[in-house]
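For reference, the structure discussed in these notes is given below.
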Amino acid sequence: MAKVELKQPVVAEIAELLNGAASVVAVDYRGLTVAQDTELRKQLRAAGIVYKVYKNTMIRRAAEGTDYAALDPNLEGPTAIAVSKDDATAPARMLAEFAKKADKLEMKGGIVEGTYYDAKGIQVIATIPSREVLLGRLLGSMQSPVTNFARVLNQIAEKQGEA
């Protein structure tokens, strides 16, 4: 079997992984211990994020002609990609959180909802809370005026009841 035939399934696997992804973050994992890498994979898997190490040329081939081709400048040295199909900010957020404990983990860049971001941009995206947290904040801010209005009406009713 030719080498090309052996590589085609891997390229197809990467292309399928990238297809429909909300975000992809490329990281340099050099210097992580096996225990740290295992812990990182476990946390990402629990959040529904696919984290895999592929050869840079395979990622380039799979990304050709797509929005993910913008990752090309980041594909140097050891590269792992974290892919999320659902939550666009989850990979950046979780990797940034893990990088606080494991300083060897370095984010190279990524693509979030079709837009390329360098390492600094990915760090900014990592500060955005999850969708659930944002919806909770929105609901809380919507409930606050109604709750305050109900309190005022209750206080007025209590004062009129005393008089």
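In the structure tokens, chains take letters A, B, ... by order of appearance, with residues numbered from 1 within each chain and ligands from 1 in the order shown.
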- Query: Taking the backbone alone, and naming residues the way the document does, which bits of region 41-149 of chain A are helix (DSSP H, G or I) by DSSP, as a ChimeraX atom specification?
  - Reply: /A:41-46,56-63,67-74,90-101,119-126,131-149
Please write the residues from the selection above to a file, keeping C-alpha atoms, as a PDB file, in the first residue's frame.
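After the write, part08.pdb holds the following:
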```pdb
ATOM      1  CA  ARG A  41      -7.828  15.081  27.889  1.00  0.00           C
ATOM      2  CA  LYS A  42     -10.182  13.913  30.628  1.00  0.00           C
ATOM      3  CA  GLN A  43     -11.481  17.451  31.307  1.00  0.00           C
ATOM      4  CA  LEU A  44     -11.946  18.225  27.612  1.00  0.00           C
ATOM      5  CA  ARG A  45     -13.693  14.910  26.942  1.00  0.00           C
ATOM      6  CA  ALA A  46     -16.114  15.581  29.815  1.00  0.00           C
ATOM      7  CA  ASN A  56       0.733  19.365  10.786  1.00  0.00           C
ATOM      8  CA  THR A  57       0.725  18.365   7.116  1.00  0.00           C
ATOM      9  CA  MET A  58      -2.377  16.226   7.674  1.00  0.00           C
ATOM     10  CA  ILE A  59      -4.199  19.144   9.312  1.00  0.00           C
ATOM     11  CA  ARG A  60      -3.150  21.410   6.416  1.00  0.00           C
ATOM     12  CA  ARG A  61      -4.481  18.927   3.853  1.00  0.00           C
ATOM     13  CA  ALA A  62      -7.794  18.497   5.666  1.00  0.00           C
ATOM     14  CA  ALA A  63      -8.226  22.264   6.071  1.00  0.00           C
ATOM     15  CA  ASP A  67     -12.094  28.544   6.870  1.00  0.00           C
ATOM     16  CA  TYR A  68      -9.719  26.353   8.874  1.00  0.00           C
ATOM     17  CA  ALA A  69      -6.918  26.896   6.340  1.00  0.00           C
ATOM     18  CA  ALA A  70      -6.191  30.104   8.311  1.00  0.00           C
ATOM     19  CA  LEU A  71      -4.615  27.893  10.991  1.00  0.00           C
ATOM     20  CA  ASP A  72      -1.681  27.249   8.643  1.00  0.00           C
ATOM     21  CA  PRO A  73       0.753  29.725  10.322  1.00  0.00           C
ATOM     22  CA  ASN A  74       0.173  27.981  13.660  1.00  0.00           C
ATOM     23  CA  ALA A  90     -15.406  26.129  25.454  1.00  0.00           C
ATOM     24  CA  PRO A  91     -12.060  24.919  24.029  1.00  0.00           C
ATOM     25  CA  ALA A  92     -10.365  28.297  24.516  1.00  0.00           C
ATOM     26  CA  ARG A  93     -11.846  28.700  28.000  1.00  0.00           C
ATOM     27  CA  MET A  94     -10.895  25.215  29.194  1.00  0.00           C
ATOM     28  CA  LEU A  95      -7.401  25.296  27.681  1.00  0.00           C
ATOM     29  CA  ALA A  96      -6.709  28.723  29.208  1.00  0.00           C
ATOM     30  CA  GLU A  97      -7.914  27.477  32.594  1.00  0.00           C
ATOM     31  CA  PHE A  98      -5.685  24.402  32.341  1.00  0.00           C
ATOM     32  CA  ALA A  99      -2.715  26.525  31.184  1.00  0.00           C
ATOM     33  CA  LYS A 100      -2.854  28.353  34.527  1.00  0.00           C
ATOM     34  CA  LYS A 101      -1.891  25.080  36.235  1.00  0.00           C
ATOM     35  CA  ALA A 119      -2.907  33.493  20.576  1.00  0.00           C
ATOM     36  CA  LYS A 120      -3.860  36.843  22.148  1.00  0.00           C
ATOM     37  CA  GLY A 121      -7.285  36.767  20.523  1.00  0.00           C
ATOM     38  CA  ILE A 122      -7.900  33.252  21.808  1.00  0.00           C
ATOM     39  CA  GLN A 123      -6.939  34.429  25.316  1.00  0.00           C
ATOM     40  CA  VAL A 124      -9.607  37.145  25.054  1.00  0.00           C
ATOM     41  CA  ILE A 125     -12.191  34.620  23.862  1.00  0.00           C
ATOM     42  CA  ALA A 126     -11.273  32.417  26.825  1.00  0.00           C
ATOM     43  CA  ARG A 131     -23.679  30.296  27.012  1.00  0.00           C
ATOM     44  CA  GLU A 132     -25.473  29.008  30.116  1.00  0.00           C
ATOM     45  CA  VAL A 133     -23.798  31.598  32.353  1.00  0.00           C
ATOM     46  CA  LEU A 134     -24.643  34.405  29.915  1.00  0.00           C
ATOM     47  CA  LEU A 135     -28.283  33.270  29.726  1.00  0.00           C
ATOM     48  CA  GLY A 136     -28.420  33.132  33.526  1.00  0.00           C
ATOM     49  CA  ARG A 137     -27.109  36.684  33.760  1.00  0.00           C
ATOM     50  CA  LEU A 138     -29.632  37.853  31.174  1.00  0.00           C
ATOM     51  CA  LEU A 139     -32.494  36.196  33.021  1.00  0.00           C
ATOM     52  CA  GLY A 140     -31.315  37.702  36.317  1.00  0.00           C
ATOM     53  CA  SER A 141     -31.152  41.175  34.825  1.00  0.00           C
ATOM     54  CA  MET A 142     -34.631  40.734  33.342  1.00  0.00           C
ATOM     55  CA  GLN A 143     -36.072  39.546  36.664  1.00  0.00           C
ATOM     56  CA  SER A 144     -34.474  42.292  38.736  1.00  0.00           C
ATOM     57  CA  PRO A 145     -36.800  45.181  37.723  1.00  0.00           C
ATOM     58  CA  VAL A 146     -39.891  43.002  38.152  1.00  0.00           C
ATOM     59  CA  THR A 147     -38.750  41.855  41.589  1.00  0.00           C
ATOM     60  CA  ASN A 148     -37.992  45.417  42.702  1.00  0.00           C
ATOM     61  CA  PHE A 149     -41.389  46.618  41.426  1.00  0.00           C
TER      62      PHE A 149
END
```
- Every residue of region 26-155 of chain A that DSSP places in strand (DSSP E), as a ChimeraX atom specification: /A:26-28,50-53,80-84,106-112,115-118
- Message: Using only C-alpha atoms, which protein or nucleic acid residues come within 12 Å of region 84-88 of chain A? Drop anything in the same chain fewer than 5 positions from it, and give the result as a ChimeraX atom specification.
- Response: /A:16-25,44-52,93-94,110-115,122,125-126,128-132
- Message: Quick check, in Å to one decimal: how far apart do CA of Ala80 (chain A) and CA of Ile14 (chain A) lie?
- Response: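 The value is 11.8 Å.
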